[in-house]
file entry.cif (mmCIF, N, CA and C atoms)
data_final
loop_
_atom_site.label_atom_id
_atom_site.label_comp_id
_atom_site.auth_asym_id
_atom_site.auth_seq_id
_atom_site.Cartn_x
_atom_site.Cartn_y
_atom_site.Cartn_z
N MET A 1 -90.47 86.82 -32.19
CA MET A 1 -89.34 86.23 -32.86
C MET A 1 -88.06 86.36 -32.03
N ASP A 2 -87.94 87.44 -31.24
CA ASP A 2 -86.77 87.60 -30.40
C ASP A 2 -86.64 86.47 -29.39
N GLY A 3 -87.79 85.98 -28.88
CA GLY A 3 -87.77 84.86 -27.96
C GLY A 3 -87.22 83.61 -28.61
N ARG A 4 -87.56 83.38 -29.84
CA ARG A 4 -87.04 82.22 -30.58
C ARG A 4 -85.54 82.35 -30.82
N GLN A 5 -85.08 83.55 -31.18
CA GLN A 5 -83.65 83.75 -31.40
C GLN A 5 -82.86 83.53 -30.11
N GLU A 6 -83.41 84.00 -29.01
CA GLU A 6 -82.75 83.79 -27.71
C GLU A 6 -82.71 82.30 -27.37
N TRP A 7 -83.80 81.60 -27.63
CA TRP A 7 -83.84 80.16 -27.40
C TRP A 7 -82.81 79.46 -28.28
N ASN A 8 -82.73 79.83 -29.56
CA ASN A 8 -81.73 79.27 -30.48
C ASN A 8 -80.32 79.49 -29.95
N ARG A 9 -80.06 80.71 -29.48
CA ARG A 9 -78.73 81.05 -28.97
C ARG A 9 -78.39 80.20 -27.75
N ARG A 10 -79.33 80.08 -26.81
CA ARG A 10 -79.07 79.29 -25.60
C ARG A 10 -78.85 77.82 -25.92
N LEU A 11 -79.64 77.26 -26.83
CA LEU A 11 -79.47 75.86 -27.20
C LEU A 11 -78.13 75.66 -27.91
N PHE A 12 -77.77 76.57 -28.80
CA PHE A 12 -76.49 76.50 -29.49
C PHE A 12 -75.33 76.55 -28.49
N GLU A 13 -75.41 77.46 -27.53
CA GLU A 13 -74.37 77.56 -26.51
C GLU A 13 -74.29 76.29 -25.67
N SER A 14 -75.41 75.68 -25.39
CA SER A 14 -75.40 74.42 -24.64
C SER A 14 -74.73 73.31 -25.44
N LEU A 15 -74.99 73.27 -26.73
CA LEU A 15 -74.36 72.25 -27.58
C LEU A 15 -72.85 72.48 -27.69
N THR A 16 -72.44 73.73 -27.87
CA THR A 16 -71.01 74.02 -28.05
C THR A 16 -70.22 73.86 -26.75
N SER A 17 -70.86 73.98 -25.63
CA SER A 17 -70.17 73.83 -24.35
C SER A 17 -70.22 72.38 -23.85
N ASN A 18 -70.85 71.51 -24.61
CA ASN A 18 -71.00 70.09 -24.26
C ASN A 18 -71.83 69.88 -22.99
N ARG A 19 -72.69 70.85 -22.66
CA ARG A 19 -73.60 70.69 -21.53
C ARG A 19 -74.83 69.89 -21.92
N LEU A 20 -75.04 69.74 -23.23
CA LEU A 20 -76.24 69.08 -23.73
C LEU A 20 -75.82 68.06 -24.77
N SER A 21 -76.35 66.86 -24.66
CA SER A 21 -76.03 65.80 -25.61
C SER A 21 -77.27 65.47 -26.44
N ARG A 22 -77.09 65.50 -27.75
CA ARG A 22 -78.20 65.14 -28.64
C ARG A 22 -78.61 63.68 -28.39
N ASN A 23 -77.67 62.82 -28.13
CA ASN A 23 -77.97 61.41 -27.90
C ASN A 23 -78.77 61.21 -26.62
N LYS A 24 -78.43 61.94 -25.57
CA LYS A 24 -79.12 61.78 -24.30
C LYS A 24 -80.55 62.29 -24.37
N TYR A 25 -80.77 63.36 -25.13
CA TYR A 25 -82.10 63.97 -25.24
C TYR A 25 -82.68 63.76 -26.64
N PHE A 26 -82.51 62.56 -27.17
CA PHE A 26 -82.88 62.25 -28.55
C PHE A 26 -84.34 62.59 -28.87
N SER A 27 -85.25 62.28 -27.96
CA SER A 27 -86.67 62.52 -28.25
C SER A 27 -86.96 64.01 -28.40
N GLN A 28 -86.29 64.85 -27.65
CA GLN A 28 -86.49 66.29 -27.79
C GLN A 28 -85.94 66.80 -29.12
N PHE A 29 -84.88 66.17 -29.61
CA PHE A 29 -84.28 66.60 -30.87
C PHE A 29 -85.09 66.14 -32.08
N ALA A 30 -86.19 65.43 -31.84
CA ALA A 30 -87.12 65.11 -32.93
C ALA A 30 -87.97 66.33 -33.27
N ASN A 31 -88.04 67.30 -32.35
CA ASN A 31 -88.76 68.55 -32.56
C ASN A 31 -88.04 69.36 -33.64
N ASP A 32 -88.81 70.01 -34.53
CA ASP A 32 -88.22 70.76 -35.64
C ASP A 32 -87.29 71.88 -35.18
N TRP A 33 -87.63 72.57 -34.09
CA TRP A 33 -86.76 73.66 -33.61
C TRP A 33 -85.42 73.10 -33.17
N PHE A 34 -85.44 72.01 -32.44
CA PHE A 34 -84.21 71.38 -31.99
C PHE A 34 -83.38 70.93 -33.19
N LYS A 35 -84.05 70.33 -34.18
CA LYS A 35 -83.35 69.88 -35.38
C LYS A 35 -82.66 71.03 -36.09
N ALA A 36 -83.34 72.15 -36.21
CA ALA A 36 -82.78 73.31 -36.91
C ALA A 36 -81.53 73.83 -36.20
N VAL A 37 -81.58 73.95 -34.89
CA VAL A 37 -80.42 74.44 -34.15
C VAL A 37 -79.29 73.42 -34.21
N HIS A 38 -79.61 72.15 -34.11
CA HIS A 38 -78.57 71.13 -34.17
C HIS A 38 -77.90 71.11 -35.54
N LYS A 39 -78.66 71.32 -36.59
CA LYS A 39 -78.09 71.39 -37.94
C LYS A 39 -77.12 72.57 -38.03
N ARG A 40 -77.53 73.73 -37.50
CA ARG A 40 -76.65 74.91 -37.51
C ARG A 40 -75.39 74.63 -36.69
N TYR A 41 -75.52 73.94 -35.57
CA TYR A 41 -74.37 73.58 -34.75
C TYR A 41 -73.39 72.72 -35.55
N ARG A 42 -73.91 71.74 -36.28
CA ARG A 42 -73.04 70.86 -37.08
C ARG A 42 -72.33 71.64 -38.18
N ILE A 43 -73.02 72.60 -38.79
CA ILE A 43 -72.41 73.42 -39.84
C ILE A 43 -71.26 74.24 -39.26
N VAL A 44 -71.51 74.90 -38.15
CA VAL A 44 -70.49 75.75 -37.54
C VAL A 44 -69.32 74.91 -37.03
N ALA A 45 -69.61 73.77 -36.43
CA ALA A 45 -68.54 72.88 -35.96
C ALA A 45 -67.70 72.38 -37.14
N SER A 46 -68.33 72.15 -38.29
CA SER A 46 -67.57 71.70 -39.46
C SER A 46 -66.66 72.81 -39.98
N LEU A 47 -67.08 74.07 -39.85
CA LEU A 47 -66.21 75.19 -40.23
C LEU A 47 -64.95 75.20 -39.37
N LYS A 48 -65.13 74.95 -38.09
CA LYS A 48 -63.99 74.90 -37.17
C LYS A 48 -63.03 73.77 -37.58
N LYS A 49 -63.57 72.60 -37.88
CA LYS A 49 -62.73 71.47 -38.28
C LYS A 49 -62.01 71.74 -39.59
N GLU A 50 -62.72 72.30 -40.57
CA GLU A 50 -62.10 72.61 -41.85
C GLU A 50 -60.98 73.62 -41.69
N ALA A 51 -61.21 74.63 -40.87
CA ALA A 51 -60.18 75.64 -40.63
C ALA A 51 -58.95 75.00 -39.99
N GLY A 52 -59.16 74.06 -39.10
CA GLY A 52 -58.05 73.35 -38.47
C GLY A 52 -57.25 72.54 -39.47
N ARG A 53 -57.94 71.85 -40.35
CA ARG A 53 -57.25 71.02 -41.36
C ARG A 53 -56.56 71.87 -42.41
N LEU A 54 -57.25 72.90 -42.89
CA LEU A 54 -56.71 73.71 -43.98
C LEU A 54 -55.73 74.77 -43.49
N GLY A 55 -55.73 75.06 -42.22
CA GLY A 55 -54.88 76.10 -41.67
C GLY A 55 -53.40 75.84 -41.85
N SER A 56 -53.01 74.59 -42.00
CA SER A 56 -51.59 74.26 -42.16
C SER A 56 -51.11 74.46 -43.60
N LEU A 57 -52.03 74.69 -44.53
CA LEU A 57 -51.65 74.90 -45.93
C LEU A 57 -51.42 76.37 -46.21
N ASP A 58 -50.29 76.67 -46.84
CA ASP A 58 -50.06 78.05 -47.26
C ASP A 58 -51.10 78.42 -48.31
N GLY A 59 -51.60 79.60 -48.22
CA GLY A 59 -52.61 80.05 -49.17
C GLY A 59 -54.04 79.87 -48.69
N THR A 60 -54.21 79.39 -47.46
CA THR A 60 -55.54 79.26 -46.89
C THR A 60 -55.86 80.53 -46.10
N VAL A 61 -57.01 81.10 -46.37
CA VAL A 61 -57.43 82.33 -45.69
C VAL A 61 -58.89 82.20 -45.28
N CYS A 62 -59.24 82.94 -44.26
CA CYS A 62 -60.65 83.08 -43.89
C CYS A 62 -60.89 84.51 -43.49
N TRP A 63 -62.12 84.94 -43.68
CA TRP A 63 -62.52 86.29 -43.29
C TRP A 63 -64.02 86.31 -43.12
N ILE A 64 -64.47 87.41 -42.55
CA ILE A 64 -65.90 87.60 -42.30
C ILE A 64 -66.34 88.86 -43.04
N SER A 65 -67.48 88.79 -43.67
CA SER A 65 -68.05 89.98 -44.30
C SER A 65 -69.46 90.15 -43.75
N ASN A 66 -70.01 91.32 -43.94
CA ASN A 66 -71.34 91.58 -43.41
C ASN A 66 -72.16 92.26 -44.50
N THR A 67 -73.25 91.63 -44.90
CA THR A 67 -74.11 92.16 -45.95
C THR A 67 -75.27 92.97 -45.39
N GLY A 68 -75.34 93.08 -44.10
CA GLY A 68 -76.47 93.76 -43.47
C GLY A 68 -77.47 92.77 -42.90
N ASP A 69 -77.53 91.57 -43.47
CA ASP A 69 -78.41 90.52 -42.95
C ASP A 69 -77.72 89.69 -41.89
N GLY A 70 -76.44 89.90 -41.70
CA GLY A 70 -75.68 89.14 -40.73
C GLY A 70 -74.32 88.79 -41.29
N PRO A 71 -73.47 88.23 -40.44
CA PRO A 71 -72.12 87.90 -40.88
C PRO A 71 -72.09 86.72 -41.86
N ILE A 72 -71.14 86.80 -42.79
CA ILE A 72 -70.90 85.70 -43.72
C ILE A 72 -69.44 85.28 -43.55
N PHE A 73 -69.24 84.02 -43.27
CA PHE A 73 -67.91 83.47 -43.06
C PHE A 73 -67.39 82.92 -44.39
N HIS A 74 -66.17 83.29 -44.73
CA HIS A 74 -65.53 82.84 -45.97
C HIS A 74 -64.28 82.04 -45.60
N LEU A 75 -64.11 80.90 -46.24
CA LEU A 75 -62.92 80.08 -46.06
C LEU A 75 -62.45 79.67 -47.44
N GLU A 76 -61.20 79.98 -47.78
CA GLU A 76 -60.65 79.65 -49.09
C GLU A 76 -59.28 79.03 -48.93
N SER A 77 -59.03 78.02 -49.75
CA SER A 77 -57.71 77.39 -49.80
C SER A 77 -57.31 77.32 -51.27
N ALA A 78 -56.39 78.18 -51.66
CA ALA A 78 -55.94 78.25 -53.05
C ALA A 78 -55.28 76.93 -53.51
N PRO A 79 -54.44 76.30 -52.69
CA PRO A 79 -53.80 75.05 -53.15
C PRO A 79 -54.81 73.95 -53.49
N LEU A 80 -55.92 73.94 -52.81
CA LEU A 80 -56.94 72.91 -53.04
C LEU A 80 -58.08 73.40 -53.93
N GLN A 81 -58.02 74.66 -54.34
CA GLN A 81 -59.10 75.29 -55.10
C GLN A 81 -60.44 75.08 -54.40
N TYR A 82 -60.41 75.37 -53.11
CA TYR A 82 -61.57 75.15 -52.24
C TYR A 82 -62.08 76.50 -51.74
N SER A 83 -63.38 76.66 -51.76
CA SER A 83 -63.99 77.89 -51.25
C SER A 83 -65.31 77.54 -50.59
N ARG A 84 -65.57 78.17 -49.46
CA ARG A 84 -66.84 77.95 -48.76
C ARG A 84 -67.30 79.25 -48.13
N GLU A 85 -68.58 79.55 -48.30
CA GLU A 85 -69.21 80.71 -47.67
C GLU A 85 -70.42 80.23 -46.90
N VAL A 86 -70.54 80.71 -45.67
CA VAL A 86 -71.66 80.31 -44.83
C VAL A 86 -72.21 81.55 -44.13
N ALA A 87 -73.50 81.78 -44.30
CA ALA A 87 -74.17 82.85 -43.55
C ALA A 87 -74.36 82.38 -42.12
N LEU A 88 -73.96 83.22 -41.19
CA LEU A 88 -74.02 82.87 -39.77
C LEU A 88 -74.96 83.79 -39.02
N GLN A 89 -75.45 83.29 -37.92
CA GLN A 89 -76.14 84.15 -36.97
C GLN A 89 -75.07 84.76 -36.07
N THR A 90 -75.38 85.85 -35.45
CA THR A 90 -74.39 86.57 -34.65
C THR A 90 -73.79 85.70 -33.55
N HIS A 91 -74.62 84.93 -32.84
CA HIS A 91 -74.09 84.09 -31.76
C HIS A 91 -73.19 82.98 -32.30
N GLU A 92 -73.45 82.52 -33.52
CA GLU A 92 -72.59 81.50 -34.13
C GLU A 92 -71.21 82.08 -34.43
N TRP A 93 -71.19 83.31 -34.99
CA TRP A 93 -69.92 83.96 -35.27
C TRP A 93 -69.17 84.26 -33.97
N ASP A 94 -69.88 84.68 -32.93
CA ASP A 94 -69.23 84.96 -31.65
C ASP A 94 -68.50 83.72 -31.14
N TRP A 95 -69.12 82.56 -31.24
CA TRP A 95 -68.49 81.32 -30.79
C TRP A 95 -67.32 80.97 -31.71
N LEU A 96 -67.55 81.05 -33.01
CA LEU A 96 -66.53 80.67 -33.98
C LEU A 96 -65.29 81.55 -33.86
N ALA A 97 -65.46 82.83 -33.62
CA ALA A 97 -64.34 83.76 -33.51
C ALA A 97 -63.46 83.47 -32.30
N LYS A 98 -63.98 82.75 -31.32
CA LYS A 98 -63.21 82.40 -30.13
C LYS A 98 -62.40 81.12 -30.31
N GLN A 99 -62.63 80.39 -31.40
CA GLN A 99 -61.96 79.12 -31.61
C GLN A 99 -60.54 79.34 -32.14
N GLU A 100 -59.59 78.61 -31.58
CA GLU A 100 -58.18 78.79 -31.92
C GLU A 100 -57.89 78.61 -33.40
N GLU A 101 -58.54 77.63 -34.04
CA GLU A 101 -58.31 77.38 -35.46
C GLU A 101 -58.68 78.60 -36.32
N ILE A 102 -59.77 79.22 -35.98
CA ILE A 102 -60.25 80.38 -36.72
C ILE A 102 -59.38 81.59 -36.41
N ARG A 103 -59.05 81.78 -35.15
CA ARG A 103 -58.22 82.92 -34.75
C ARG A 103 -56.86 82.86 -35.43
N ALA A 104 -56.29 81.67 -35.53
CA ALA A 104 -54.97 81.53 -36.18
C ALA A 104 -55.05 81.95 -37.65
N LEU A 105 -56.09 81.52 -38.35
CA LEU A 105 -56.24 81.91 -39.75
C LEU A 105 -56.50 83.40 -39.91
N LEU A 106 -57.33 83.96 -39.05
CA LEU A 106 -57.62 85.39 -39.12
C LEU A 106 -56.37 86.23 -38.86
N GLN A 107 -55.54 85.79 -37.92
CA GLN A 107 -54.33 86.54 -37.58
C GLN A 107 -53.23 86.36 -38.62
N SER A 108 -53.19 85.21 -39.28
CA SER A 108 -52.13 84.97 -40.26
C SER A 108 -52.37 85.73 -41.56
N ASN A 109 -53.61 86.01 -41.90
CA ASN A 109 -53.95 86.73 -43.13
C ASN A 109 -55.00 87.78 -42.85
N PRO A 110 -54.65 88.84 -42.13
CA PRO A 110 -55.67 89.84 -41.81
C PRO A 110 -56.14 90.57 -43.06
N ARG A 111 -57.41 90.86 -43.10
CA ARG A 111 -58.00 91.63 -44.20
C ARG A 111 -58.55 92.93 -43.64
N GLU A 112 -58.59 93.92 -44.47
CA GLU A 112 -59.12 95.20 -44.02
C GLU A 112 -60.62 95.10 -43.81
N GLY A 113 -61.12 95.83 -42.84
CA GLY A 113 -62.55 95.94 -42.64
C GLY A 113 -63.17 94.80 -41.87
N LEU A 114 -62.36 93.98 -41.22
CA LEU A 114 -62.94 92.92 -40.41
C LEU A 114 -63.55 93.49 -39.15
N PRO A 115 -64.75 93.05 -38.79
CA PRO A 115 -65.34 93.52 -37.55
C PRO A 115 -64.63 92.91 -36.35
N GLY A 116 -64.53 93.64 -35.26
CA GLY A 116 -63.98 93.13 -34.01
C GLY A 116 -62.55 92.79 -34.14
#
call {"tool": "encode", "arguments": {"input": "entry.cif", "output": "structure tokens"}}
result
Amino acid sequence: MDGRQEWNRRLFESLTSNRLSRNKYFSQFANDWFKAVHKRYRIVASLKKEAGRLGSLDGTVCWISNTGDGPIFHLESAPLQYSREVALQTHEWDWLAKQEEIRALLQSNPREGLPG
């Protein structure tokens, strides 16, 4: 299973760095493993976009919690009565934590007990 997780991490990193295009390698993305990683990539990328859009609203916060099974990302916007929680894999959180939109929200509303 560790080999699969490493493969998932490498494919995710390739997608996030734009070294790999789903359109260019469409036939390979018909494989279930590729589909699963690409779906996770789209979820994490959407978190980045949402944080960017909601970050300009007062009352928007994000934080990370850990249940022991892995990190859980929380994004809430009180003005819009919006809340989203997404369980992440460690490499997904590592990438997300480096994104400016997420860092700005984390720094504007720090919570106690945040990892890293």
call {"tool": "select_by_dssp", "arguments": {"input": "entry.cif", "residues": "region 35-106 of chain A", "states": "alpha helix (DSSP H)", "output": "VMD selection string"}}
result
chain A and resid 35 to 54 90 to 97 100 to 106
call {"tool": "atom_distance", "arguments": {"input": "entry.cif", "atom1": "atom C of Ala45 (chain A)", "atom2": "atom N of Ser108 (chain A)"}}
result
19.5 Å
call {"tool": "atom_distance", "arguments": {"input": "entry.cif", "atom1": "CA of Ser46 (chain A)", "atom2": "CA of Glu101 (chain A)"}}
result
11.6 Å
call {"tool": "residues_near_point", "arguments": {"input": "entry.cif", "point": "(-69.6, 77.8, -46.4)", "cutoff": "7 Å", "atoms": "all atoms listed in the file", "output": "list in words"}}
result
Phe73, His74, Leu75, Ser83, Arg84, Glu85, Val86 and Ala87 of chain A
call {"tool": "closest_residue", "arguments": {"input": "entry.cif", "among": "A:Ser17, A:Asn8, A:Gln89, A:Thr60", "to": "Gln107 (chain A)", "atoms": "only C-alpha atoms"}}
result
A:Thr60
call {"tool": "resolve_selection", "arguments": {"input": "entry.cif", "expression": "the PyMOL selection byres (((chain A and resi 66 and name CA) around 12) and name CA)", "output": "PyMOL selection string"}}
result
chain A and resi 63-65+67-74+85-90+93+113-115
call {"tool": "closest_residue", "arguments": {"input": "entry.cif", "among": "A:Lys48, A:Glu76, A:Trp7, A:Asp32", "to": "His91 (chain A)", "atoms": "only C-alpha atoms"}}
result
A:Trp7
call {"tool": "atom_distance", "arguments": {"input": "entry.cif", "atom1": "atom C of Tyr82 (chain A)", "atom2": "atom C of Asn109 (chain A)"}}
result
16.0 Å
call {"tool": "residues_around", "arguments": {"input": "entry.cif", "residues": "Pro79 (chain A)", "least_positions_apart": "4", "cutoff": "8 Å", "atoms": "all atoms listed in the file", "output": "PDB file with N, CA and C atoms, in the frame of the given file"}}
result
ATOM      1  N   LEU A  57     -52.030  74.690 -44.530  1.00  0.00           N
ATOM      2  CA  LEU A  57     -51.650  74.900 -45.930  1.00  0.00           C
ATOM      3  C   LEU A  57     -51.420  76.370 -46.210  1.00  0.00           C
ATOM      4  N   ASP A  58     -50.290  76.670 -46.840  1.00  0.00           N
ATOM      5  CA  ASP A  58     -50.060  78.050 -47.260  1.00  0.00           C
ATOM      6  C   ASP A  58     -51.100  78.420 -48.310  1.00  0.00           C
ATOM      7  N   GLY A  59     -51.600  79.600 -48.220  1.00  0.00           N
ATOM      8  CA  GLY A  59     -52.610  80.050 -49.170  1.00  0.00           C
ATOM      9  C   GLY A  59     -54.040  79.870 -48.690  1.00  0.00           C
ATOM     10  N   THR A  60     -54.210  79.390 -47.460  1.00  0.00           N
ATOM     11  CA  THR A  60     -55.540  79.260 -46.890  1.00  0.00           C
ATOM     12  C   THR A  60     -55.860  80.530 -46.100  1.00  0.00           C
TER      13      THR A  60
END
call {"tool": "closest_residue", "arguments": {"input": "entry.cif", "among": "A:Ala104, A:Thr16, A:Leu80, A:Gln5", "to": "Cys62 (chain A)", "atoms": "only N, CA and C atoms"}}
result
A:Ala104
call {"tool": "closest_residue", "arguments": {"input": "entry.cif", "among": "A:Arg9, A:Lys98, A:Lys49, A:Arg103", "to": "Val37 (chain A)", "atoms": "all atoms listed in the file"}}
result
A:Arg9
call {"tool": "closest_residue", "arguments": {"input": "entry.cif", "among": "A:Glu13, A:Glu92, A:Glu100, A:Glu6", "to": "Arg40 (chain A)", "atoms": "only C-alpha atoms"}}
result
A:Glu92
call {"tool": "select_by_dssp", "arguments": {"input": "entry.cif", "residues": "region 4-114 of chain A", "states": "strand (DSSP E)", "output": "PDB file with N, CA and C atoms, keeping the file's coordinate frame"}}
result
ATOM      1  N   THR A  60     -54.210  79.390 -47.460  1.00  0.00           N
ATOM      2  CA  THR A  60     -55.540  79.260 -46.890  1.00  0.00           C
ATOM      3  C   THR A  60     -55.860  80.530 -46.100  1.00  0.00           C
ATOM      4  N   VAL A  61     -57.010  81.100 -46.370  1.00  0.00           N
ATOM      5  CA  VAL A  61     -57.430  82.330 -45.690  1.00  0.00           C
ATOM      6  C   VAL A  61     -58.890  82.200 -45.280  1.00  0.00           C
ATOM      7  N   CYS A  62     -59.240  82.940 -44.260  1.00  0.00           N
ATOM      8  CA  CYS A  62     -60.650  83.080 -43.890  1.00  0.00           C
ATOM      9  C   CYS A  62     -60.890  84.510 -43.490  1.00  0.00           C
ATOM     10  N   TRP A  63     -62.120  84.940 -43.680  1.00  0.00           N
ATOM     11  CA  TRP A  63     -62.520  86.290 -43.290  1.00  0.00           C
ATOM     12  C   TRP A  63     -64.020  86.310 -43.120  1.00  0.00           C
ATOM     13  N   ILE A  64     -64.470  87.410 -42.550  1.00  0.00           N
ATOM     14  CA  ILE A  64     -65.900  87.600 -42.300  1.00  0.00           C
ATOM     15  C   ILE A  64     -66.340  88.860 -43.040  1.00  0.00           C
ATOM     16  N   SER A  65     -67.480  88.790 -43.670  1.00  0.00           N
ATOM     17  CA  SER A  65     -68.050  89.980 -44.300  1.00  0.00           C
ATOM     18  C   SER A  65     -69.460  90.150 -43.750  1.00  0.00           C
ATOM     19  N   ASN A  66     -70.010  91.320 -43.940  1.00  0.00           N
ATOM     20  CA  ASN A  66     -71.340  91.580 -43.410  1.00  0.00           C
ATOM     21  C   ASN A  66     -72.160  92.260 -44.500  1.00  0.00           C
ATOM     22  N   PRO A  71     -73.470  88.230 -40.440  1.00  0.00           N
ATOM     23  CA  PRO A  71     -72.120  87.900 -40.880  1.00  0.00           C
ATOM     24  C   PRO A  71     -72.090  86.720 -41.860  1.00  0.00           C
ATOM     25  N   ILE A  72     -71.140  86.800 -42.790  1.00  0.00           N
ATOM     26  CA  ILE A  72     -70.900  85.700 -43.720  1.00  0.00           C
ATOM     27  C   ILE A  72     -69.440  85.280 -43.550  1.00  0.00           C
ATOM     28  N   PHE A  73     -69.240  84.020 -43.270  1.00  0.00           N
ATOM     29  CA  PHE A  73     -67.910  83.470 -43.060  1.00  0.00           C
ATOM     30  C   PHE A  73     -67.390  82.920 -44.390  1.00  0.00           C
ATOM     31  N   HIS A  74     -66.170  83.290 -44.730  1.00  0.00           N
ATOM     32  CA  HIS A  74     -65.530  82.840 -45.970  1.00  0.00           C
ATOM     33  C   HIS A  74     -64.280  82.040 -45.600  1.00  0.00           C
ATOM     34  N   LEU A  75     -64.110  80.900 -46.240  1.00  0.00           N
ATOM     35  CA  LEU A  75     -62.920  80.080 -46.060  1.00  0.00           C
ATOM     36  C   LEU A  75     -62.450  79.670 -47.440  1.00  0.00           C
ATOM     37  N   GLU A  76     -61.200  79.980 -47.780  1.00  0.00           N
ATOM     38  CA  GLU A  76     -60.650  79.650 -49.090  1.00  0.00           C
ATOM     39  C   GLU A  76     -59.280  79.030 -48.930  1.00  0.00           C
ATOM     40  N   SER A  77     -59.030  78.020 -49.750  1.00  0.00           N
ATOM     41  CA  SER A  77     -57.710  77.390 -49.800  1.00  0.00           C
ATOM     42  C   SER A  77     -57.310  77.320 -51.270  1.00  0.00           C
ATOM     43  N   TYR A  82     -60.410  75.370 -53.110  1.00  0.00           N
ATOM     44  CA  TYR A  82     -61.570  75.150 -52.240  1.00  0.00           C
ATOM     45  C   TYR A  82     -62.080  76.500 -51.740  1.00  0.00           C
ATOM     46  N   SER A  83     -63.380  76.660 -51.760  1.00  0.00           N
ATOM     47  CA  SER A  83     -63.990  77.890 -51.250  1.00  0.00           C
ATOM     48  C   SER A  83     -65.310  77.540 -50.590  1.00  0.00           C
ATOM     49  N   ARG A  84     -65.570  78.170 -49.460  1.00  0.00           N
ATOM     50  CA  ARG A  84     -66.840  77.950 -48.760  1.00  0.00           C
ATOM     51  C   ARG A  84     -67.300  79.250 -48.130  1.00  0.00           C
ATOM     52  N   GLU A  85     -68.580  79.550 -48.300  1.00  0.00           N
ATOM     53  CA  GLU A  85     -69.210  80.710 -47.670  1.00  0.00           C
ATOM     54  C   GLU A  85     -70.420  80.230 -46.900  1.00  0.00           C
ATOM     55  N   VAL A  86     -70.540  80.710 -45.670  1.00  0.00           N
ATOM     56  CA  VAL A  86     -71.660  80.310 -44.830  1.00  0.00           C
ATOM     57  C   VAL A  86     -72.210  81.550 -44.130  1.00  0.00           C
ATOM     58  N   ALA A  87     -73.500  81.780 -44.300  1.00  0.00           N
ATOM     59  CA  ALA A  87     -74.170  82.850 -43.550  1.00  0.00           C
ATOM     60  C   ALA A  87     -74.360  82.380 -42.120  1.00  0.00           C
TER      61      ALA A  87
END
call {"tool": "decode", "arguments": {"input": "entry.cif", "residues": "region 64-68 of chain A", "atoms": "all heavy atoms", "output": "CSV table (one decimal), in the first residue's frame"}}
result
chain,number,residue,atom,x,y,z
A,64,ILE,N,-7.1,23.7,10.2
A,64,ILE,CA,-6.9,22.2,9.9
A,64,ILE,C,-7.0,21.5,11.3
A,64,ILE,O,-6.6,22.0,12.3
A,64,ILE,CB,-5.5,22.0,9.3
A,64,ILE,CG1,-5.3,20.6,8.8
A,64,ILE,CG2,-4.3,22.4,10.2
A,64,ILE,CD1,-5.9,20.3,7.5
A,65,SER,N,-7.6,20.4,11.3
A,65,SER,CA,-7.7,19.6,12.5
A,65,SER,C,-7.2,18.2,12.1
A,65,SER,O,-7.1,17.8,10.9
A,65,SER,CB,-9.1,19.5,13.0
A,65,SER,OG,-10.0,18.9,12.1
A,66,ASN,N,-6.9,17.4,13.1
A,66,ASN,CA,-6.4,16.1,12.8
A,66,ASN,C,-7.1,15.1,13.8
A,66,ASN,O,-7.0,15.2,15.0
A,66,ASN,CB,-4.9,16.0,13.1
A,66,ASN,CG,-4.2,14.8,12.4
A,66,ASN,OD1,-4.9,13.8,12.2
A,66,ASN,ND2,-2.9,14.9,12.2
A,67,THR,N,-7.8,14.1,13.1
A,67,THR,CA,-8.5,13.1,13.9
A,67,THR,C,-7.7,11.9,14.1
A,67,THR,O,-8.2,10.9,14.7
A,67,THR,CB,-9.8,12.7,13.1
A,67,THR,OG1,-9.4,12.2,11.9
A,67,THR,CG2,-10.7,13.9,12.9
A,68,GLY,N,-6.5,11.8,13.7
A,68,GLY,CA,-5.7,10.6,13.8
A,68,GLY,C,-5.7,9.9,12.5
A,68,GLY,O,-4.7,9.1,12.2
